[in-house]
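Text of entry.csv (CSV, C-alpha atoms) as supplied:
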chain,number,residue,atom,x,y,z
A,22,MET,CA,67.9,-82.1,-224.8
A,23,THR,CA,65.2,-81.0,-222.4
A,24,LEU,CA,63.1,-78.6,-224.4
A,25,ALA,CA,61.8,-75.4,-222.9
A,26,LEU,CA,60.7,-72.3,-224.6
A,27,LEU,CA,59.2,-69.0,-223.5
A,28,GLY,CA,55.8,-67.9,-224.5
A,29,THR,CA,52.8,-65.7,-223.8
A,30,LYS,CA,49.4,-66.8,-222.7
A,31,ILE,CA,46.9,-65.7,-225.3
A,32,GLY,CA,43.6,-67.0,-223.8
A,33,MET,CA,41.3,-69.9,-223.5
A,34,THR,CA,38.7,-71.4,-225.9
A,35,ARG,CA,37.5,-74.8,-226.7
A,36,VAL,CA,37.9,-77.3,-229.5
A,37,LEU,CA,35.4,-79.9,-230.7
A,38,GLY,CA,36.1,-83.5,-231.2
A,39,GLU,CA,34.7,-85.7,-233.9
A,40,ARG,CA,31.9,-86.9,-231.6
A,41,GLY,CA,31.1,-83.3,-230.7
A,42,GLU,CA,32.8,-83.4,-227.3
A,43,ALA,CA,34.3,-80.0,-226.3
A,44,THR,CA,37.8,-79.8,-224.8
A,45,PRO,CA,38.8,-76.7,-222.9
A,46,VAL,CA,42.1,-75.4,-224.2
A,47,THR,CA,44.6,-72.6,-223.7
A,48,VAL,CA,46.2,-70.9,-226.6
A,49,VAL,CA,49.9,-70.0,-226.0
A,50,LYS,CA,52.1,-68.1,-228.4
A,51,VAL,CA,55.5,-69.7,-228.0
A,52,GLY,CA,58.8,-68.3,-229.3
A,53,PRO,CA,60.7,-67.2,-231.2
A,54,CYS,CA,63.3,-67.4,-228.5
A,55,VAL,CA,66.9,-66.3,-229.3
A,56,VAL,CA,69.7,-68.1,-227.5
A,57,LEU,CA,71.6,-65.2,-225.9
A,58,GLN,CA,74.2,-67.4,-224.2
A,59,VAL,CA,75.2,-71.0,-223.9
A,60,LYS,CA,76.5,-72.0,-220.5
A,61,ASN,CA,78.7,-75.1,-220.1
A,62,ARG,CA,80.2,-77.1,-217.4
A,63,GLU,CA,83.7,-75.8,-218.0
A,64,THR,CA,83.2,-72.1,-217.6
A,65,ASP,CA,79.9,-72.0,-215.6
A,66,GLY,CA,79.8,-75.2,-213.8
A,67,TYR,CA,76.6,-76.4,-215.4
A,68,ASP,CA,74.9,-76.7,-218.8
A,69,ALA,CA,72.1,-74.2,-219.7
A,70,LEU,CA,70.7,-72.0,-222.3
A,71,GLN,CA,69.9,-68.3,-221.8
A,72,LEU,CA,66.8,-67.5,-223.8
A,73,GLY,CA,65.6,-64.0,-224.8
A,74,PHE,CA,62.0,-63.4,-225.7
A,75,VAL,CA,60.1,-60.4,-227.1
A,76,ASP,CA,62.1,-57.4,-228.4
A,77,ALA,CA,62.7,-54.6,-226.1
A,78,LYS,CA,63.1,-51.0,-227.4
A,79,PRO,CA,66.8,-50.2,-227.6
A,80,HIS,CA,66.3,-46.6,-226.2
A,81,ARG,CA,64.7,-48.1,-223.1
A,82,SER,CA,67.5,-50.7,-222.6
A,83,THR,CA,70.8,-50.3,-220.9
A,84,MET,CA,74.1,-50.5,-222.8
A,85,PRO,CA,75.0,-53.8,-220.9
A,86,GLN,CA,71.7,-55.3,-222.1
A,87,ILE,CA,72.3,-54.2,-225.7
A,88,GLY,CA,75.9,-55.4,-225.6
A,89,HIS,CA,74.9,-58.8,-224.2
A,90,ALA,CA,72.3,-59.3,-226.9
A,91,ALA,CA,74.7,-58.0,-229.6
A,92,LYS,CA,76.9,-61.0,-228.9
A,93,ALA,CA,74.1,-63.2,-230.1
A,94,ARG,CA,73.6,-60.8,-233.1
A,95,THR,CA,70.2,-59.6,-232.0
A,96,GLY,CA,68.5,-56.7,-230.2
A,97,PRO,CA,67.8,-56.4,-226.5
A,98,LYS,CA,65.1,-58.6,-225.2
A,99,ARG,CA,62.3,-57.9,-222.7
A,100,TYR,CA,62.4,-61.3,-221.0
A,101,ILE,CA,65.6,-63.3,-220.4
A,102,ARG,CA,65.3,-66.7,-218.7
A,103,GLU,CA,67.7,-69.6,-218.3
A,104,VAL,CA,66.8,-73.2,-219.2
A,105,ARG,CA,68.9,-76.0,-217.7
A,106,LEU,CA,70.2,-78.8,-219.9
A,107,ASP,CA,71.1,-82.4,-219.1
A,108,GLY,CA,74.4,-82.1,-221.0
A,109,PRO,CA,76.1,-80.2,-223.8
A,110,SER,CA,73.9,-79.4,-226.7
A,111,SER,CA,74.3,-78.5,-230.4
A,112,VAL,CA,72.5,-75.2,-230.0
A,113,LYS,CA,74.7,-72.2,-230.5
A,114,ARG,CA,74.6,-68.6,-229.3
A,115,GLY,CA,72.4,-66.6,-231.7
A,116,ASP,CA,70.2,-69.6,-232.7
A,117,VAL,CA,66.5,-68.9,-232.9
A,118,LEU,CA,64.3,-71.6,-231.3
A,119,THR,CA,60.7,-71.8,-232.4
A,120,VAL,CA,57.6,-73.9,-231.6
A,121,GLU,CA,58.6,-76.2,-234.5
A,122,ARG,CA,61.1,-77.9,-232.2
A,123,PHE,CA,58.1,-79.3,-230.4
A,124,LEU,CA,56.8,-80.7,-233.7
A,125,GLU,CA,60.2,-82.2,-234.6
A,126,ASP,CA,60.5,-84.0,-231.3
A,127,GLU,CA,56.8,-85.2,-231.5
A,128,ILE,CA,56.0,-84.0,-228.0
A,129,THR,CA,52.5,-84.9,-226.7
A,130,TYR,CA,52.6,-83.7,-223.1
A,131,VAL,CA,54.0,-80.4,-221.7
A,132,ASP,CA,54.7,-78.8,-218.4
A,133,VAL,CA,53.8,-75.1,-218.2
A,134,THR,CA,55.3,-72.7,-215.7
A,135,GLY,CA,53.9,-69.2,-215.0
A,136,THR,CA,53.1,-66.7,-212.4
A,137,THR,CA,49.6,-67.1,-210.9
A,138,LYS,CA,47.1,-64.2,-210.8
A,139,GLY,CA,47.4,-62.0,-207.7
A,140,LYS,CA,44.6,-62.4,-205.3
A,141,GLY,CA,45.7,-59.7,-202.8
A,142,PHE,CA,45.3,-60.1,-199.1
A,143,ALA,CA,43.0,-63.2,-199.0
A,144,GLY,CA,41.2,-64.7,-196.1
A,145,VAL,CA,41.6,-68.3,-194.9
A,146,MET,CA,38.6,-69.7,-196.8
A,147,LYS,CA,40.0,-68.6,-200.2
A,148,ARG,CA,43.7,-69.1,-199.3
A,149,HIS,CA,43.7,-72.4,-197.5
A,150,GLY,CA,40.2,-73.8,-198.2
A,151,PHE,CA,39.0,-73.5,-194.6
A,152,GLY,CA,35.3,-74.1,-193.9
A,153,GLY,CA,34.6,-70.9,-192.1
A,154,LEU,CA,32.0,-70.7,-189.3
A,155,CYS,CA,28.3,-71.4,-189.3
A,156,ALA,CA,25.9,-69.2,-191.3
A,157,SER,CA,23.6,-69.1,-188.3
A,158,HIS,CA,23.4,-70.7,-184.8
A,159,GLY,CA,24.3,-67.4,-183.2
A,160,VAL,CA,27.4,-66.6,-185.3
A,161,GLU,CA,27.8,-62.9,-185.8
A,162,ARG,CA,30.2,-61.1,-188.1
A,163,LYS,CA,32.5,-64.1,-188.2
A,164,HIS,CA,31.2,-66.3,-190.9
A,165,ARG,CA,34.5,-66.4,-192.9
A,166,SER,CA,36.8,-66.4,-189.9
A,167,ALA,CA,39.4,-69.1,-189.2
A,168,GLY,CA,38.2,-69.9,-185.6
A,169,SER,CA,40.7,-70.9,-183.0
A,170,ILE,CA,44.5,-70.8,-183.8
A,171,GLY,CA,45.6,-72.7,-180.7
A,172,GLY,CA,45.7,-72.7,-176.9
A,173,HIS,CA,47.9,-71.0,-174.3
A,174,ALA,CA,49.0,-74.0,-172.4
A,175,ASP,CA,52.5,-75.6,-172.9
A,176,THR,CA,51.6,-79.0,-174.3
A,177,GLY,CA,55.1,-80.3,-174.5
A,178,THR,CA,55.4,-79.5,-178.2
A,179,GLY,CA,55.8,-75.9,-177.4
A,180,ARG,CA,53.3,-73.2,-176.4
A,181,GLY,CA,51.5,-70.5,-178.3
A,182,VAL,CA,50.6,-70.6,-182.0
A,183,LYS,CA,52.5,-73.2,-184.1
A,184,LYS,CA,54.8,-72.0,-186.7
A,185,GLY,CA,53.4,-72.2,-190.2
A,186,LYS,CA,49.8,-72.0,-189.0
A,187,PRO,CA,47.7,-71.3,-192.1
A,188,MET,CA,46.3,-67.8,-191.7
A,189,ALA,CA,45.0,-65.0,-193.9
A,190,GLY,CA,47.6,-63.1,-196.0
A,191,HIS,CA,48.9,-62.4,-199.5
A,192,MET,CA,47.8,-65.0,-202.1
A,193,GLY,CA,48.7,-65.4,-205.8
A,194,THR,CA,51.6,-64.0,-207.9
A,195,ASN,CA,53.5,-67.3,-207.2
A,196,ARG,CA,55.5,-69.2,-209.6
A,197,ARG,CA,53.6,-72.4,-210.4
A,198,THR,CA,54.1,-75.3,-212.8
A,199,VAL,CA,51.2,-77.3,-214.1
A,200,SER,CA,52.5,-80.6,-215.3
A,201,SER,CA,51.6,-83.2,-217.9
A,202,LEU,CA,49.1,-81.1,-220.0
A,203,ARG,CA,48.2,-82.6,-223.3
A,204,LEU,CA,49.5,-80.8,-226.3
A,205,ILE,CA,46.6,-80.8,-228.7
A,206,LYS,CA,47.9,-78.9,-231.6
A,207,VAL,CA,50.9,-76.8,-232.8
A,208,ILE,CA,50.4,-74.1,-235.4
A,209,PRO,CA,53.9,-73.3,-236.6
A,210,GLU,CA,52.8,-70.4,-238.9
A,211,GLN,CA,51.8,-68.2,-236.0
A,212,GLY,CA,53.9,-70.0,-233.4
A,213,LEU,CA,50.9,-71.1,-231.5
A,214,MET,CA,50.4,-74.0,-229.2
A,215,VAL,CA,47.0,-75.4,-228.2
A,216,ILE,CA,47.3,-77.0,-224.7
A,217,GLN,CA,44.5,-78.8,-223.0
A,218,GLY,CA,43.3,-77.3,-219.7
A,219,SER,CA,44.3,-74.1,-218.0
A,220,VAL,CA,47.7,-72.6,-217.2
A,221,PRO,CA,48.8,-70.2,-214.5
A,222,GLY,CA,48.5,-66.4,-214.9
A,223,ALA,CA,46.5,-63.8,-216.7
A,224,ASN,CA,46.2,-63.5,-220.5
A,225,GLY,CA,49.4,-61.9,-221.9
A,226,SER,CA,51.6,-63.1,-219.1
A,227,LEU,CA,55.0,-64.9,-219.6
A,228,LEU,CA,55.0,-68.6,-219.6
A,229,MET,CA,57.7,-71.3,-219.9
A,230,VAL,CA,56.6,-74.4,-221.8
A,231,LYS,CA,58.6,-77.5,-221.4
A,232,LYS,CA,58.5,-81.1,-222.5
A,233,ALA,CA,56.6,-83.0,-219.8
A,234,LYS,CA,58.8,-84.5,-217.1
A,235,LYS,CA,56.6,-87.3,-216.0
A,236,LYS,CA,54.5,-88.2,-219.1
A,237,GLY,CA,54.7,-88.8,-222.8
B,17,MET,CA,45.9,-59.3,-231.7
B,18,SER,CA,45.3,-62.0,-229.2
B,19,GLN,CA,41.6,-62.4,-230.2
B,20,GLN,CA,42.8,-62.9,-233.8
B,21,LEU,CA,45.1,-65.7,-232.7
B,22,ILE,CA,42.3,-67.4,-230.8
B,23,ASP,CA,40.2,-67.1,-233.9
B,24,ILE,CA,42.8,-68.9,-235.9
B,25,VAL,CA,42.6,-71.8,-233.4
B,26,GLU,CA,38.8,-71.8,-233.4
B,27,GLY,CA,38.6,-71.5,-237.1
B,28,ALA,CA,39.7,-75.0,-237.7
B,29,TYR,CA,36.7,-76.3,-235.8
B,30,LEU,CA,34.0,-74.0,-237.2
B,31,LYS,CA,31.6,-75.1,-240.0
B,32,THR,CA,32.3,-73.3,-243.2
B,33,GLU,CA,28.6,-72.7,-243.9
B,34,THR,CA,26.0,-72.0,-241.2
B,35,PRO,CA,22.3,-72.0,-242.0
B,36,GLU,CA,20.6,-68.7,-242.3
B,37,ILE,CA,18.3,-68.9,-239.3
B,38,HIS,CA,16.5,-66.2,-237.5
B,39,ILE,CA,14.8,-65.8,-234.1
B,40,GLY,CA,11.2,-67.0,-234.4
B,41,ASP,CA,11.8,-69.5,-237.1
B,42,THR,CA,10.4,-73.0,-236.8
B,43,VAL,CA,13.3,-75.3,-237.4
B,44,ASP,CA,14.2,-78.9,-237.7
B,45,VAL,CA,17.5,-79.6,-236.0
B,46,LYS,CA,19.0,-82.8,-237.4
B,47,CYS,CA,21.1,-84.2,-234.6
B,48,ARG,CA,23.5,-87.1,-234.8
B,49,ILE,CA,23.1,-89.6,-232.0
B,50,LEU,CA,25.5,-92.3,-231.2
B,51,GLU,CA,24.1,-95.4,-229.7
B,52,GLY,CA,27.0,-97.7,-228.9
B,53,GLU,CA,28.4,-98.4,-232.3
B,54,LYS,CA,25.3,-97.3,-234.3
B,55,GLU,CA,24.8,-93.8,-235.5
B,56,ARG,CA,21.4,-92.3,-236.3
B,57,ILE,CA,19.9,-88.9,-237.0
B,58,GLN,CA,17.2,-87.5,-234.7
B,59,ILE,CA,15.2,-84.5,-235.6
B,60,PHE,CA,14.2,-82.0,-233.0
B,61,ASN,CA,11.5,-79.7,-234.3
B,62,GLY,CA,10.6,-76.4,-232.6
B,63,THR,CA,10.7,-72.6,-232.4
B,64,LEU,CA,14.0,-70.9,-232.3
B,65,ILE,CA,13.8,-68.6,-229.3
B,66,ALA,CA,17.4,-67.5,-228.6
B,67,ARG,CA,20.8,-67.3,-230.1
B,68,LYS,CA,23.8,-66.9,-227.8
B,69,GLY,CA,27.5,-66.8,-228.0
B,70,ARG,CA,29.8,-66.1,-230.9
B,71,GLY,CA,32.3,-68.1,-232.8
B,72,ILE,CA,32.7,-71.7,-231.6
B,73,ASN,CA,30.5,-71.0,-228.6
B,74,SER,CA,27.4,-70.0,-230.6
B,75,THR,CA,24.3,-71.8,-229.6
B,76,ILE,CA,20.6,-71.8,-230.4
B,77,THR,CA,17.8,-72.6,-228.1
B,78,VAL,CA,14.9,-74.5,-229.7
B,79,ARG,CA,11.6,-74.8,-227.8
B,80,ARG,CA,8.7,-77.1,-228.5
B,81,THR,CA,5.8,-78.5,-226.5
B,82,ILE,CA,5.6,-82.2,-226.2
B,83,GLY,CA,2.3,-83.3,-224.7
B,84,ARG,CA,1.7,-80.5,-222.3
B,85,GLU,CA,5.3,-80.1,-221.3
B,86,GLY,CA,7.5,-77.4,-222.7
B,87,VAL,CA,10.9,-78.8,-223.8
B,88,GLU,CA,13.9,-76.6,-224.7
B,89,ARG,CA,17.1,-77.9,-226.1
B,90,ILE,CA,20.3,-75.9,-226.6
B,91,PHE,CA,22.4,-76.9,-229.6
B,92,MET,CA,25.9,-75.8,-230.4
B,93,ILE,CA,25.7,-74.6,-234.0
B,94,HIS,CA,29.2,-75.7,-234.8
B,95,SER,CA,29.1,-79.1,-233.1
B,96,PRO,CA,29.6,-82.0,-235.5
B,97,ASN,CA,26.6,-83.6,-233.9
B,98,VAL,CA,24.3,-81.0,-235.3
B,99,VAL,CA,24.2,-82.2,-238.9
B,100,ASP,CA,21.7,-79.8,-240.4
B,101,ILE,CA,19.2,-77.1,-239.4
B,102,VAL,CA,16.3,-76.8,-241.7
B,103,VAL,CA,13.9,-73.8,-241.6
B,104,ARG,CA,10.3,-74.9,-241.8
B,105,ARG,CA,8.5,-71.6,-241.2
B,106,ARG,CA,9.6,-68.0,-240.6
B,107,GLY,CA,8.2,-66.2,-237.6
B,108,LYS,CA,7.5,-62.5,-237.5
B,109,VAL,CA,9.0,-61.3,-234.3
B,110,ARG,CA,10.3,-58.0,-232.9
B,111,ARG,CA,12.8,-59.1,-230.2
B,112,ALA,CA,16.0,-61.1,-230.0
B,113,LYS,CA,15.0,-63.5,-227.2
B,114,LEU,CA,11.5,-65.1,-227.2
B,115,TYR,CA,11.5,-66.1,-223.5
B,116,PHE,CA,8.0,-64.7,-223.2
B,117,LEU,CA,6.8,-67.8,-225.0
B,118,ARG,CA,7.5,-69.9,-221.9
B,119,HIS,CA,4.6,-68.3,-220.2
B,120,ARG,CA,2.2,-68.7,-223.0
B,121,VAL,CA,-0.2,-71.6,-223.2
B,122,GLY,CA,-2.2,-73.0,-226.1
B,123,LYS,CA,-2.8,-70.9,-229.2
B,124,ALA,CA,-1.0,-67.9,-227.8
B,125,ARG,CA,2.2,-69.7,-228.4
B,126,LYS,CA,1.8,-69.3,-232.2
B,127,LEU,CA,3.9,-66.7,-233.9
B,128,ARG,CA,2.7,-64.8,-236.9
B,129,GLU,CA,4.4,-66.1,-240.0
B,130,LEU,CA,6.7,-63.9,-241.9
B,131,ARG,CA,5.6,-63.8,-245.5
B,132,LEU,CA,8.3,-63.1,-247.9
B,133,HIS,CA,7.1,-61.2,-251.0
B,134,LYS,CA,9.9,-62.0,-253.3
B,135,LYS,CA,8.7,-64.8,-255.4
B,136,ALA,CA,11.9,-66.6,-256.0
B,137,ALA,CA,13.2,-66.2,-252.6
B,138,THR,CA,10.3,-67.9,-250.8
B,139,ALA,CA,10.7,-71.3,-252.4
B,140,THR,CA,14.4,-71.7,-251.8
B,141,GLU,CA,14.6,-69.9,-248.5
B,142,LEU,CA,11.8,-71.7,-246.8
B,143,THR,CA,12.7,-75.2,-247.8
B,144,GLY,CA,16.3,-74.7,-248.8
B,145,THR,CA,18.7,-76.4,-246.5
B,146,VAL,CA,22.0,-74.8,-245.8
B,147,ALA,CA,24.6,-77.1,-244.2
Write out the structure in this file as structure tokens.
Amino acid sequence: MTLALLGTKIGMTRVLGERGEATPVTVVKVGPCVVLQVKNRETDGYDALQLGFVDAKPHRSTMPQIGHAAKARTGPKRYIREVRLDGPSSVKRGDVLTVERFLEDEITYVDVTGTTKGKGFAGVMKRHGFGGLCASHGVERKHRSAGSIGGHADTGTGRGVKKGKPMAGHMGTNRRTVSSLRLIKVIPEQGLMVIQGSVPGANGSLLMVKKAKKKG
Amino acid sequence: MSQQLIDIVEGAYLKTETPEIHIGDTVDVKCRILEGEKERIQIFNGTLIARKGRGINSTITVRRTIGREGVERIFMIHSPNVVDIVVRRRGKVRRAKLYFLRHRVGKARKLRELRLHKKAATATELTGTVA
């Protein structure tokens, strides 16, 4: 079974090795996730688990939300996400998945999916890594500009500005996955995961932690 | 809540006892150095001029003058490479960061020693090592 659970980014710190080397780590609170629905090939056309994470207040939830959660004998959830499976699994509706599943499967590398921090309307230097113009040599008020975006002439490949030309615009708040991060430690008592390196999003944002696809 | 969770993670890497050190103290920092396979302890002696950070990030800055050159080293208190910190002398100081010592030359570098009046306290506190 491909293992994926929902979690919250807590924040970053560092851990020290035996030789005194510091490793930057992100602390993620993973689970408990309730299985709200099990989808299978027969009825839905594919195998997947629908996971609910973090309790929502019933008086702020709709009756359909409450009713759907009640089928799994639980309260309404704030986040509901689907996790695809390779095939039918032994997990049943109403099962509670915790971080301990990562311990049982002895997972050493994980992929973490999240929503990146919003950067607003960003210029080309920040958004696409352009070099900008000169700091001097007569450049005035255009130090962070993109420069030319193309000529007027019909070159045979079409005229005007090419489609997909990198320009300034909205940056961030994108779904991103960081793959093959080393899982340093799992603390089952608090449902914590200590993952090497950084993960997308601000502290407190929703993450999906999966067994690494390419490694371990 | 989130800070508490981070503290749980950091807690496993903190030393249980940290030495009682103060700004202005003259300290010996016993530092573990790995040379290939060999391991040895190097002592860096100097004046404690700054403490920074908290938790696992807490560091001390130790300054000494070697020859005519001022040398400052920053040690992570909780690093396993910092084996021990021994207080040799206590300095009488009135501020938290002693950066002004960098501009001082010669005798002006000396800090007035803090004399502890409690009889019993002096002997143990001045020479006593706390891991």
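For the choices A:Gln211, A:Ser111, A:Asn195, A:Ser219, the atom-to-atom distance to chain B is smallest for A:Gln211 when using only C-alpha atoms.
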Residue hits in chain A, query chain B, radius 10 Å, all atoms listed in the file, as a CSV table (one decimal) with C-alpha atoms, keeping the file's coordinate frame:
chain,number,residue,atom,x,y,z
A,29,THR,CA,52.8,-65.7,-223.8
A,30,LYS,CA,49.4,-66.8,-222.7
A,31,ILE,CA,46.9,-65.7,-225.3
A,32,GLY,CA,43.6,-67.0,-223.8
A,33,MET,CA,41.3,-69.9,-223.5
A,34,THR,CA,38.7,-71.4,-225.9
A,35,ARG,CA,37.5,-74.8,-226.7
A,36,VAL,CA,37.9,-77.3,-229.5
A,37,LEU,CA,35.4,-79.9,-230.7
A,38,GLY,CA,36.1,-83.5,-231.2
A,39,GLU,CA,34.7,-85.7,-233.9
A,40,ARG,CA,31.9,-86.9,-231.6
A,41,GLY,CA,31.1,-83.3,-230.7
A,42,GLU,CA,32.8,-83.4,-227.3
A,43,ALA,CA,34.3,-80.0,-226.3
A,46,VAL,CA,42.1,-75.4,-224.2
A,47,THR,CA,44.6,-72.6,-223.7
A,48,VAL,CA,46.2,-70.9,-226.6
A,49,VAL,CA,49.9,-70.0,-226.0
A,50,LYS,CA,52.1,-68.1,-228.4
A,206,LYS,CA,47.9,-78.9,-231.6
A,207,VAL,CA,50.9,-76.8,-232.8
A,208,ILE,CA,50.4,-74.1,-235.4
A,211,GLN,CA,51.8,-68.2,-236.0
A,212,GLY,CA,53.9,-70.0,-233.4
A,213,LEU,CA,50.9,-71.1,-231.5
A,214,MET,CA,50.4,-74.0,-229.2
A,215,VAL,CA,47.0,-75.4,-228.2
A,224,ASN,CA,46.2,-63.5,-220.5
A,225,GLY,CA,49.4,-61.9,-221.9
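Counting from atom CA of Gly52 of chain A, the distance to atom CA of Val120 of chain A is 6.2 Å.
When atom CA of Lys113 of chain B is paired with atom CA of Ala66 of chain B, their separation reads 4.9 Å.
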*Write out as JSON, numbers by chain each polymer residue whose atoms come within 9 Å of Gly152 of chain A, counting all atoms listed in the file; drop sequence neighbours fewer than 4 positions from it.*
{"A": [145, 146, 165, 166, 167]}
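Interatomic distance, atom CA of His80 of chain A to atom CA of Lys60 of chain A: 28.0 Å.
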*Mind checking which residues fall within 7 Å of Asp41 of chain B, counting all atoms listed in the file, ignoring those fewer than 3 positions away in the same chain, and posting them as JSON, numbers by chain?*
{"B": [37, 38, 63, 64, 103, 105, 106, 107]}
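Remark: for Ala223 of chain A, the closest of the candidate residues A:Gly139, A:Pro85, A:Gly66, A:Gly172 is A:Gly139 (distances computed over all atoms listed in the file).
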What would segment 96-103 of chain B look like with all heavy atoms restored, written as a PDB file, in the coordinates of the input?
ATOM      1  N   PRO B  96      29.772 -81.007-234.453  1.00  0.00           N
ATOM      2  CA  PRO B  96      29.600 -82.000-235.500  1.00  0.00           C
ATOM      3  C   PRO B  96      28.364 -82.856-235.332  1.00  0.00           C
ATOM      4  O   PRO B  96      27.920 -83.511-236.276  1.00  0.00           O
ATOM      5  CB  PRO B  96      30.886 -82.810-235.459  1.00  0.00           C
ATOM      6  CG  PRO B  96      31.553 -82.459-234.198  1.00  0.00           C
ATOM      7  CD  PRO B  96      31.020 -81.167-233.728  1.00  0.00           C
ATOM      8  N   ASN B  97      27.810 -82.862-234.123  1.00  0.00           N
ATOM      9  CA  ASN B  97      26.600 -83.600-233.900  1.00  0.00           C
ATOM     10  C   ASN B  97      25.359 -82.950-234.468  1.00  0.00           C
ATOM     11  O   ASN B  97      24.335 -83.585-234.670  1.00  0.00           O
ATOM     12  CB  ASN B  97      26.393 -83.849-232.383  1.00  0.00           C
ATOM     13  CG  ASN B  97      27.351 -84.889-231.853  1.00  0.00           C
ATOM     14  OD1 ASN B  97      27.964 -85.610-232.626  1.00  0.00           O
ATOM     15  ND2 ASN B  97      27.489 -84.947-230.548  1.00  0.00           N
ATOM     16  N   VAL B  98      25.425 -81.658-234.677  1.00  0.00           N
ATOM     17  CA  VAL B  98      24.300 -81.000-235.300  1.00  0.00           C
ATOM     18  C   VAL B  98      24.595 -81.032-236.833  1.00  0.00           C
ATOM     19  O   VAL B  98      25.434 -80.323-237.372  1.00  0.00           O
ATOM     20  CB  VAL B  98      24.218 -79.495-234.847  1.00  0.00           C
ATOM     21  CG1 VAL B  98      23.153 -78.754-235.627  1.00  0.00           C
ATOM     22  CG2 VAL B  98      23.906 -79.463-233.363  1.00  0.00           C
ATOM     23  N   VAL B  99      23.905 -81.958-237.463  1.00  0.00           N
ATOM     24  CA  VAL B  99      24.200 -82.200-238.900  1.00  0.00           C
ATOM     25  C   VAL B  99      23.629 -81.169-239.770  1.00  0.00           C
ATOM     26  O   VAL B  99      24.268 -80.703-240.708  1.00  0.00           O
ATOM     27  CB  VAL B  99      23.654 -83.639-239.253  1.00  0.00           C
ATOM     28  CG1 VAL B  99      23.979 -83.960-240.699  1.00  0.00           C
ATOM     29  CG2 VAL B  99      24.235 -84.694-238.336  1.00  0.00           C
ATOM     30  N   ASP B 100      22.395 -80.763-239.468  1.00  0.00           N
ATOM     31  CA  ASP B 100      21.700 -79.800-240.400  1.00  0.00           C
ATOM     32  C   ASP B 100      20.636 -79.072-239.584  1.00  0.00           C
ATOM     33  O   ASP B 100      20.075 -79.613-238.629  1.00  0.00           O
ATOM     34  CB  ASP B 100      21.126 -80.557-241.546  1.00  0.00           C
ATOM     35  CG  ASP B 100      20.762 -79.612-242.687  1.00  0.00           C
ATOM     36  OD1 ASP B 100      21.093 -78.411-242.571  1.00  0.00           O
ATOM     37  OD2 ASP B 100      20.162 -80.075-243.666  1.00  0.00           O
ATOM     38  N   ILE B 101      20.361 -77.863-239.998  1.00  0.00           N
ATOM     39  CA  ILE B 101      19.200 -77.100-239.400  1.00  0.00           C
ATOM     40  C   ILE B 101      18.394 -76.629-240.599  1.00  0.00           C
ATOM     41  O   ILE B 101      18.880 -75.927-241.479  1.00  0.00           O
ATOM     42  CB  ILE B 101      19.748 -75.901-238.599  1.00  0.00           C
ATOM     43  CG1 ILE B 101      20.685 -76.373-237.485  1.00  0.00           C
ATOM     44  CG2 ILE B 101      18.575 -75.132-238.011  1.00  0.00           C
ATOM     45  CD1 ILE B 101      21.439 -75.268-236.791  1.00  0.00           C
ATOM     46  N   VAL B 102      17.138 -77.094-240.623  1.00  0.00           N
ATOM     47  CA  VAL B 102      16.300 -76.800-241.700  1.00  0.00           C
ATOM     48  C   VAL B 102      15.170 -75.819-241.247  1.00  0.00           C
ATOM     49  O   VAL B 102      14.520 -76.074-240.237  1.00  0.00           O
ATOM     50  CB  VAL B 102      15.604 -78.039-242.313  1.00  0.00           C
ATOM     51  CG1 VAL B 102      14.831 -77.713-243.578  1.00  0.00           C
ATOM     52  CG2 VAL B 102      16.661 -79.088-242.579  1.00  0.00           C
ATOM     53  N   VAL B 103      14.975 -74.723-241.979  1.00  0.00           N
ATOM     54  CA  VAL B 103      13.900 -73.800-241.600  1.00  0.00           C
ATOM     55  C   VAL B 103      12.615 -74.224-242.206  1.00  0.00           C
ATOM     56  O   VAL B 103      12.500 -74.426-243.420  1.00  0.00           O
ATOM     57  CB  VAL B 103      14.297 -72.352-242.108  1.00  0.00           C
ATOM     58  CG1 VAL B 103      13.190 -71.375-241.763  1.00  0.00           C
ATOM     59  CG2 VAL B 103      15.610 -71.905-241.513  1.00  0.00           C
TER      60      VAL B 103
END
